[in-house]
$ cat query07.csv   # CSV, C-alpha atoms and all ligand atoms
chain,number,residue,atom,x,y,z
A,1,MET,CA,-3.3,-23.8,-1.4
A,2,VAL,CA,-5.0,-20.4,-1.7
A,3,LYS,CA,-2.4,-17.7,-2.3
A,4,VAL,CA,-2.8,-14.2,-1.0
A,5,LEU,CA,-0.6,-11.4,-2.4
A,6,ALA,CA,-0.6,-8.2,-0.4
A,7,ILE,CA,0.9,-5.1,-1.9
A,8,VAL,CA,2.0,-2.1,0.2
A,9,GLY,CA,2.4,1.1,-1.8
A,10,SER,CA,3.9,3.4,0.8
A,11,PRO,CA,7.6,4.2,0.7
A,12,ARG,CA,7.4,3.6,4.5
A,13,LYS,CA,6.7,0.7,6.7
A,14,GLU,CA,4.1,2.5,8.8
A,15,ASN,CA,0.3,2.9,8.6
A,16,THR,CA,-0.4,1.4,5.2
A,17,TYR,CA,2.0,-1.5,5.9
A,18,LYS,CA,0.3,-2.2,9.3
A,19,LEU,CA,-3.2,-2.1,7.8
A,20,VAL,CA,-2.3,-4.4,4.9
A,21,GLU,CA,-0.5,-6.7,7.2
A,22,ALA,CA,-3.5,-6.9,9.4
A,23,VAL,CA,-5.9,-7.6,6.5
A,24,ALA,CA,-3.6,-10.5,5.4
A,25,GLU,CA,-3.2,-11.8,8.9
A,26,ALA,CA,-7.0,-11.9,9.4
A,27,VAL,CA,-7.4,-13.9,6.2
A,28,ALA,CA,-4.7,-16.3,7.4
A,29,GLY,CA,-6.4,-16.5,10.8
A,30,LYS,CA,-9.6,-17.9,9.2
A,31,LYS,CA,-8.4,-19.9,6.3
A,32,SER,CA,-5.3,-21.9,5.4
A,33,VAL,CA,-3.5,-19.6,2.9
A,34,GLU,CA,-0.1,-18.8,1.7
A,35,THR,CA,0.6,-15.1,2.1
A,36,GLU,CA,3.2,-13.0,0.5
A,37,LEU,CA,3.6,-9.3,1.4
A,38,VAL,CA,5.3,-7.1,-1.2
A,39,HIS,CA,6.6,-3.7,-0.2
A,40,LEU,CA,6.8,-1.9,-3.5
A,41,ALA,CA,9.5,0.4,-2.3
A,42,ASP,CA,11.9,-2.6,-2.3
A,43,PHE,CA,11.2,-3.1,-6.0
A,44,ASP,CA,12.7,-1.2,-8.8
A,45,ILE,CA,9.7,-0.5,-11.0
A,46,GLU,CA,10.0,2.0,-13.9
A,47,HIS,CA,7.1,4.0,-15.3
A,48,CYS,CA,5.1,2.5,-18.2
A,49,SER,CA,6.8,3.7,-21.3
A,50,GLY,CA,3.5,3.8,-23.2
A,51,CYS,CA,5.0,1.9,-26.1
A,52,SER,CA,1.3,1.0,-26.8
A,53,ASP,CA,1.6,-2.3,-28.5
A,54,PHE,CA,4.2,-4.7,-27.0
A,55,CYS,CA,2.0,-5.9,-24.1
A,56,GLU,CA,-1.1,-5.9,-26.3
A,57,LYS,CA,0.7,-8.1,-28.9
A,58,THR,CA,2.7,-10.3,-26.6
A,59,GLY,CA,1.1,-10.2,-23.2
A,60,GLU,CA,4.4,-9.3,-21.7
A,61,CYS,CA,6.2,-6.0,-20.8
A,62,ASN,CA,9.5,-5.3,-22.6
A,63,ILE,CA,10.9,-3.3,-19.6
A,64,GLN,CA,13.3,-5.6,-17.8
A,65,ASP,CA,13.0,-4.5,-14.2
A,66,ASP,CA,11.6,-5.9,-10.9
A,67,MET,CA,8.0,-5.9,-12.3
A,68,GLN,CA,9.1,-9.1,-14.1
A,69,LYS,CA,9.3,-10.7,-10.6
A,70,LEU,CA,5.8,-9.6,-9.8
A,71,TYR,CA,4.0,-10.8,-12.9
A,72,PRO,CA,4.2,-14.5,-12.0
A,73,MET,CA,3.3,-13.7,-8.4
A,74,LEU,CA,0.2,-11.8,-9.6
A,75,LYS,CA,-0.7,-14.6,-12.0
A,76,ASP,CA,-0.4,-17.2,-9.2
A,77,ALA,CA,-2.3,-15.2,-6.6
A,78,ASP,CA,-5.9,-16.0,-5.8
A,79,VAL,CA,-6.4,-12.9,-3.7
A,80,LEU,CA,-4.8,-9.5,-4.3
A,81,ILE,CA,-4.8,-6.8,-1.7
A,82,ILE,CA,-3.4,-3.3,-2.6
A,83,GLY,CA,-2.8,-0.7,0.0
A,84,SER,CA,-1.8,2.9,-0.6
A,85,PRO,CA,-1.4,6.1,1.4
A,86,THR,CA,-3.3,9.0,0.1
A,87,TYR,CA,-1.0,11.4,-1.7
A,88,TYR,CA,-2.8,14.5,-3.0
A,89,TRP,CA,-6.2,12.7,-2.9
A,90,ASN,CA,-4.8,9.9,-5.0
A,91,VAL,CA,-2.6,6.8,-4.7
A,92,THR,CA,1.2,7.1,-4.4
A,93,GLY,CA,3.4,7.2,-7.5
A,94,LEU,CA,4.6,3.7,-6.4
A,95,VAL,CA,1.1,2.3,-6.7
A,96,LYS,CA,0.3,4.2,-9.9
A,97,ASP,CA,3.4,2.8,-11.6
A,98,PHE,CA,2.5,-0.7,-10.4
A,99,ILE,CA,-1.0,-0.3,-11.8
A,100,ASP,CA,0.2,1.0,-15.2
A,101,ARG,CA,2.8,-1.7,-15.5
A,102,ALA,CA,0.1,-4.4,-14.8
A,103,ASN,CA,-1.3,-3.6,-18.2
A,104,PRO,CA,0.1,-6.8,-19.8
A,105,LEU,CA,-2.2,-8.7,-17.3
A,106,TYR,CA,-5.1,-6.7,-18.6
A,107,HIS,CA,-4.4,-7.9,-22.2
A,108,THR,CA,-4.0,-11.5,-21.0
A,109,GLU,CA,-6.9,-11.3,-18.6
A,110,SER,CA,-4.7,-12.9,-16.0
A,111,LEU,CA,-6.3,-11.2,-13.0
A,112,LYS,CA,-9.9,-11.8,-14.1
A,113,GLY,CA,-12.1,-13.3,-11.4
A,114,LYS,CA,-9.5,-13.1,-8.7
A,115,ILE,CA,-10.6,-11.8,-5.3
A,116,SER,CA,-9.4,-8.3,-4.5
A,117,ALA,CA,-9.6,-5.6,-1.8
A,118,ALA,CA,-8.2,-2.2,-1.3
A,119,VAL,CA,-6.8,-0.2,1.6
A,120,THR,CA,-6.1,3.5,1.7
A,121,VAL,CA,-5.1,5.8,4.5
A,122,ALA,CA,-5.0,9.6,4.8
A,123,GLU,CA,-4.2,12.1,7.5
A,124,GLU,CA,-7.3,14.2,6.7
A,125,ASP,CA,-9.0,13.6,3.4
A,126,GLY,CA,-8.9,12.2,-0.1
A,127,GLN,CA,-8.8,8.6,1.0
A,128,GLU,CA,-12.0,7.8,-0.8
A,129,LEU,CA,-10.5,9.0,-4.1
A,130,ALA,CA,-7.4,7.0,-3.6
A,131,LEU,CA,-9.6,4.0,-2.8
A,132,SER,CA,-11.6,4.6,-6.0
A,133,ALA,CA,-8.3,4.6,-8.0
A,134,ILE,CA,-7.5,1.2,-6.8
A,135,SER,CA,-11.0,0.0,-7.1
A,136,SER,CA,-11.2,1.1,-10.7
A,137,PHE,CA,-8.0,-0.9,-11.4
A,138,PHE,CA,-9.7,-4.0,-10.0
A,139,ASP,CA,-12.9,-3.3,-12.0
A,140,LEU,CA,-11.0,-2.8,-15.3
A,141,GLN,CA,-9.1,-6.0,-14.7
A,142,ASN,CA,-12.4,-7.8,-14.1
A,143,MET,CA,-11.5,-8.8,-10.6
A,144,LYS,CA,-14.0,-9.8,-7.9
A,145,GLN,CA,-13.9,-7.0,-5.3
A,146,VAL,CA,-15.0,-7.9,-1.8
A,147,GLY,CA,-14.6,-4.4,-0.3
A,148,GLY,CA,-12.2,-1.9,0.8
A,149,ILE,CA,-11.3,0.4,3.7
A,150,ALA,CA,-10.5,4.1,3.5
A,151,VAL,CA,-8.9,5.1,6.8
A,152,VAL,CA,-8.4,8.6,8.2
A,153,ARG,CA,-5.8,8.6,10.9
A,154,GLY,CA,-5.6,12.3,11.9
A,155,ASP,CA,-2.2,13.0,13.5
A,156,LYS,CA,-2.0,9.6,15.2
A,157,PRO,CA,-0.7,6.4,13.8
A,158,VAL,CA,-3.3,3.8,13.0
A,159,GLY,CA,-4.5,2.1,16.2
A,160,GLU,CA,-6.9,-0.5,17.5
A,161,ALA,CA,-10.0,0.9,15.7
A,162,GLU,CA,-8.4,1.1,12.3
A,163,LEU,CA,-6.7,-2.3,12.7
A,164,GLY,CA,-10.1,-3.6,13.6
A,165,MET,CA,-11.4,-2.4,10.2
A,166,ALA,CA,-8.5,-4.1,8.5
A,167,LYS,CA,-9.3,-7.3,10.4
A,168,ALA,CA,-12.9,-7.2,9.4
A,169,LEU,CA,-11.9,-6.7,5.8
A,170,GLY,CA,-9.6,-9.8,6.0
A,171,GLU,CA,-12.4,-11.8,7.5
A,172,MET,CA,-14.7,-10.8,4.7
A,173,ILE,CA,-12.1,-11.9,2.2
A,174,ALA,CA,-11.7,-15.2,4.0
A,175,SER,CA,-15.5,-15.8,3.9
A,176,LYS,CA,-15.3,-15.8,0.1
A,177,LEU,CA,-12.5,-18.4,0.0
A,178,PRO,CA,-13.1,-22.1,-0.3
A,201,LIG,C1,3.3,13.8,-0.8
A,201,LIG,C2,2.2,13.5,0.2
A,201,LIG,C3,0.9,13.8,-0.1
A,201,LIG,C4,-0.1,13.6,0.9
A,201,LIG,N1,-1.4,13.9,0.5
A,201,LIG,C5,-2.3,13.8,1.4
A,201,LIG,C6,-3.7,14.1,1.1
A,201,LIG,O1,-4.1,14.4,0.0
A,201,LIG,N2,-4.6,13.9,2.1
A,201,LIG,C7,-4.3,13.5,3.4
A,201,LIG,O2,-5.2,13.5,4.2
A,201,LIG,N3,-3.1,13.2,3.7
A,201,LIG,C8,-2.1,13.3,2.7
A,201,LIG,N4,-0.8,12.9,3.1
A,201,LIG,C9,-0.5,12.2,4.4
A,201,LIG,C10,-0.5,10.7,4.2
A,201,LIG,O3,-1.6,10.2,3.4
A,201,LIG,C11,-0.6,10.0,5.5
A,201,LIG,O4,0.5,10.5,6.3
A,201,LIG,C12,-0.5,8.5,5.4
A,201,LIG,O5,-0.8,7.9,6.7
A,201,LIG,C13,0.8,8.0,4.9
A,201,LIG,O6,0.8,6.6,4.9
A,201,LIG,P1,2.0,5.7,5.5
A,201,LIG,O7,2.1,6.1,6.9
A,201,LIG,O8,1.6,4.3,5.2
A,201,LIG,O9,3.2,6.1,4.7
A,201,LIG,C14,0.2,13.1,2.1
A,201,LIG,C15,1.6,12.8,2.4
A,201,LIG,C16,2.6,13.0,1.5
A,201,LIG,C17,4.0,12.6,1.9

$ encode --input "query07.csv" --output "structure tokens" --more "lines below"
Ligand SMILES: Cc1cc2nc3c(=O)[nH]c(=O)nc-3n(C[C@H](O)[C@H](O)[C@H](O)COP(=O)(O)O)c2cc1C
Amino acid sequence: MVKVLAIVGSPRKENTYKLVEAVAEAVAGKKSVETELVHLADFDIEHCSGCSDFCEKTGECNIQDDMQKLYPMLKDADVLIIGSPTYYWNVTGLVKDFIDRANPLYHTESLKGKISAAVTVAEEDGQELALSAISSFFDLQNMKQVGGIAVVRGDKPVGEAELGMAKALGEMIASKLP
């Protein structure tokens, strides 16, 4: 069974959550998949300590926190979706910590070739830069990116149009699956 891991990097369960959920639902609407949605705010993830060599030497992280629960999920996933609100034209600290702590997977090439897609949302601007931060992570991990959406919602919550973009992204992901 194809496994979809969807990561939500907002501290809230609002716009990013709804968009990522819509992407994952659209994949599941087209293909038989097993979906897991991870709200990073529910996980206790420390900053990377920059110890420099433990993950390079062992392929593991020596920080014993909730990231240890996510490593096997990431290794098992066939599709990785990451969503982040735009904070100061960048991703949230939650997402950045997650990205930095995924460094052992870079050294073991565990994400290589997996399908990936990014979602960002902003009130006004900077959403493209946040998207580029996630996209660079996918690139550096040698993942297969199928696309991404950078949503501007203004002062309204995401609605039909934005959720339609998310659905289209999910369908694009599904089209790449066996
Ligand atoms: C600390 C912080 C920084 C933000 N920086 C930006 C920004 O640079 N550009 C922007 O358009 N919106 C910015 N916003 C607004 C959020 O991107 C926007 O409300 C987004 O929808 C939040 O996503 P969420 O509803 O999934 O939490 C910021 C919000 C916060 C709390």

$ closest_atom_pairs --input "query07.csv" --of "range 22-42 of chain A" --to "range 63-81 of chain A" --cutoff "9 Å" --atoms "only C-alpha atoms" --output "Markdown table"
| residue | atom | partner | partner_atom | distance |
| --- | --- | --- | --- | --- |
| A:Val23 | CA | A:Ile81 | CA | 8.3 |
| A:Ala24 | CA | A:Ile81 | CA | 8.1 |
| A:Glu36 | CA | A:Met73 | CA | 8.9 |
| A:Val38 | CA | A:Leu70 | CA | 9.0 |

$ closest_residue --input "query07.csv" --among "A:Val8, A:Ala22, A:Ala102, A:Cys48" --to "Lys167 in chain A" --atoms "only C-alpha atoms"
A:Ala22

$ residues_around --input "query07.csv" --residues "Leu105 in chain A" --least-positions-apart "5" --cutoff "7 Å" --atoms "only C-alpha atoms" --output "PDB file with C-alpha atoms, keeping the file's coordinate frame"
ATOM      1  CA  GLY A  59       1.100 -10.200 -23.200  1.00  0.00           C
ATOM      2  CA  SER A 110      -4.700 -12.900 -16.000  1.00  0.00           C
ATOM      3  CA  LEU A 111      -6.300 -11.200 -13.000  1.00  0.00           C
TER       4      LEU A 111
END

$ residues_near_ligand --input "query07.csv" --ligand "ligand LIG 201 (chain A)" --cutoff "8 Å" --atoms "all atoms listed in the file" --output "VMD selection string"
chain A and resid 9 to 18 84 to 90 92 121 to 127 152 to 154 157 to 158

$ write_last_selection --input "query07.csv" --atoms "C-alpha atoms" --output "PDB file, keeping the file's coordinate frame"
ATOM      1  CA  GLY A   9       2.400   1.100  -1.800  1.00  0.00           C
ATOM      2  CA  SER A  10       3.900   3.400   0.800  1.00  0.00           C
ATOM      3  CA  PRO A  11       7.600   4.200   0.700  1.00  0.00           C
ATOM      4  CA  ARG A  12       7.400   3.600   4.500  1.00  0.00           C
ATOM      5  CA  LYS A  13       6.700   0.700   6.700  1.00  0.00           C
ATOM      6  CA  GLU A  14       4.100   2.500   8.800  1.00  0.00           C
ATOM      7  CA  ASN A  15       0.300   2.900   8.600  1.00  0.00           C
ATOM      8  CA  THR A  16      -0.400   1.400   5.200  1.00  0.00           C
ATOM      9  CA  TYR A  17       2.000  -1.500   5.900  1.00  0.00           C
ATOM     10  CA  LYS A  18       0.300  -2.200   9.300  1.00  0.00           C
ATOM     11  CA  SER A  84      -1.800   2.900  -0.600  1.00  0.00           C
ATOM     12  CA  PRO A  85      -1.400   6.100   1.400  1.00  0.00           C
ATOM     13  CA  THR A  86      -3.300   9.000   0.100  1.00  0.00           C
ATOM     14  CA  TYR A  87      -1.000  11.400  -1.700  1.00  0.00           C
ATOM     15  CA  TYR A  88      -2.800  14.500  -3.000  1.00  0.00           C
ATOM     16  CA  TRP A  89      -6.200  12.700  -2.900  1.00  0.00           C
ATOM     17  CA  ASN A  90      -4.800   9.900  -5.000  1.00  0.00           C
ATOM     18  CA  THR A  92       1.200   7.100  -4.400  1.00  0.00           C
ATOM     19  CA  VAL A 121      -5.100   5.800   4.500  1.00  0.00           C
ATOM     20  CA  ALA A 122      -5.000   9.600   4.800  1.00  0.00           C
ATOM     21  CA  GLU A 123      -4.200  12.100   7.500  1.00  0.00           C
ATOM     22  CA  GLU A 124      -7.300  14.200   6.700  1.00  0.00           C
ATOM     23  CA  ASP A 125      -9.000  13.600   3.400  1.00  0.00           C
ATOM     24  CA  GLY A 126      -8.900  12.200  -0.100  1.00  0.00           C
ATOM     25  CA  GLN A 127      -8.800   8.600   1.000  1.00  0.00           C
ATOM     26  CA  VAL A 152      -8.400   8.600   8.200  1.00  0.00           C
ATOM     27  CA  ARG A 153      -5.800   8.600  10.900  1.00  0.00           C
ATOM     28  CA  GLY A 154      -5.600  12.300  11.900  1.00  0.00           C
ATOM     29  CA  PRO A 157      -0.700   6.400  13.800  1.00  0.00           C
ATOM     30  CA  VAL A 158      -3.300   3.800  13.000  1.00  0.00           C
TER      31      VAL A 158
END

$ atom_distance --input "query07.csv" --atom1 "CA of Gly148 in chain A" --atom2 "CA of Thr120 in chain A"
8.2 Å

$ residues_around --input "query07.csv" --residues "Ile99 in chain A" --least-positions-apart "4" --cutoff "8 Å" --atoms "all atoms listed in the file" --output "ChimeraX atom specification"
/A:95,103,137

$ residues_around --input "query07.csv" --residues "Val33 in chain A" --least-positions-apart "4" --cutoff "12 Å" --atoms "all atoms listed in the file" --output "PyMOL selection string"
chain A and resi 1-5+24-29+77-79+170+173-174+177-178

$ atom_distance --input "query07.csv" --atom1 "CA of Gln145 in chain A" --atom2 "CA of Glu109 in chain A"
15.6 Å

$ residues_near_point --input "query07.csv" --point "(-14.1, -4.1, -1.1)" --cutoff "10 Å" --atoms "all atoms listed in the file" --output "PDB file with C-alpha atoms, in the frame of the given file"
ATOM      1  CA  ILE A  81      -4.800  -6.800  -1.700  1.00  0.00           C
ATOM      2  CA  ILE A 115     -10.600 -11.800  -5.300  1.00  0.00           C
ATOM      3  CA  SER A 116      -9.400  -8.300  -4.500  1.00  0.00           C
ATOM      4  CA  ALA A 117      -9.600  -5.600  -1.800  1.00  0.00           C
ATOM      5  CA  ALA A 118      -8.200  -2.200  -1.300  1.00  0.00           C
ATOM      6  CA  VAL A 119      -6.800  -0.200   1.600  1.00  0.00           C
ATOM      7  CA  LEU A 131      -9.600   4.000  -2.800  1.00  0.00           C
ATOM      8  CA  SER A 135     -11.000   0.000  -7.100  1.00  0.00           C
ATOM      9  CA  PHE A 138      -9.700  -4.000 -10.000  1.00  0.00           C
ATOM     10  CA  LYS A 144     -14.000  -9.800  -7.900  1.00  0.00           C
ATOM     11  CA  GLN A 145     -13.900  -7.000  -5.300  1.00  0.00           C
ATOM     12  CA  VAL A 146     -15.000  -7.900  -1.800  1.00  0.00           C
ATOM     13  CA  GLY A 147     -14.600  -4.400  -0.300  1.00  0.00           C
ATOM     14  CA  GLY A 148     -12.200  -1.900   0.800  1.00  0.00           C
ATOM     15  CA  ILE A 149     -11.300   0.400   3.700  1.00  0.00           C
ATOM     16  CA  LEU A 169     -11.900  -6.700   5.800  1.00  0.00           C
ATOM     17  CA  MET A 172     -14.700 -10.800   4.700  1.00  0.00           C
ATOM     18  CA  ILE A 173     -12.100 -11.900   2.200  1.00  0.00           C
TER      19      ILE A 173
END

$ closest_residue --input "query07.csv" --among "A:Glu60, A:Glu160, A:Asp155, A:Glu128" --to "Thr108 in chain A" --atoms "only C-alpha atoms"
A:Glu60

$ residues_near_point --input "query07.csv" --point "(6.7, 4.8, -21.6)" --cutoff "12 Å" --atoms "all atoms listed in the file" --output "PyMOL selection string"
chain A and resi 46-55+61-63+97+100-101

$ closest_residue --input "query07.csv" --among "A:Ile45, A:Ala6, A:Leu129, A:Val151" --to "Glu21 in chain A" --atoms "only C-alpha atoms"
A:Ala6

$ atom_distance --input "query07.csv" --atom1 "CA of Ala133 in chain A" --atom2 "CA of Leu94 in chain A"
13.0 Å

$ closest_residue --input "query07.csv" --among "A:Ser136, A:Leu40, A:Leu163, A:Asn142" --to "Gly93 in chain A" --atoms "only C-alpha atoms"
A:Leu40

$ closest_residue --input "query07.csv" --among "A:Ile7, A:Ala41, A:Val91, A:Met143" --to "Leu19 in chain A" --atoms "all atoms listed in the file"
A:Ile7

$ closest_residue --input "query07.csv" --among "A:Leu37, A:Glu171, A:Asp44, A:Lys176" --to "Gly83 in chain A" --atoms "all atoms listed in the file"
A:Leu37
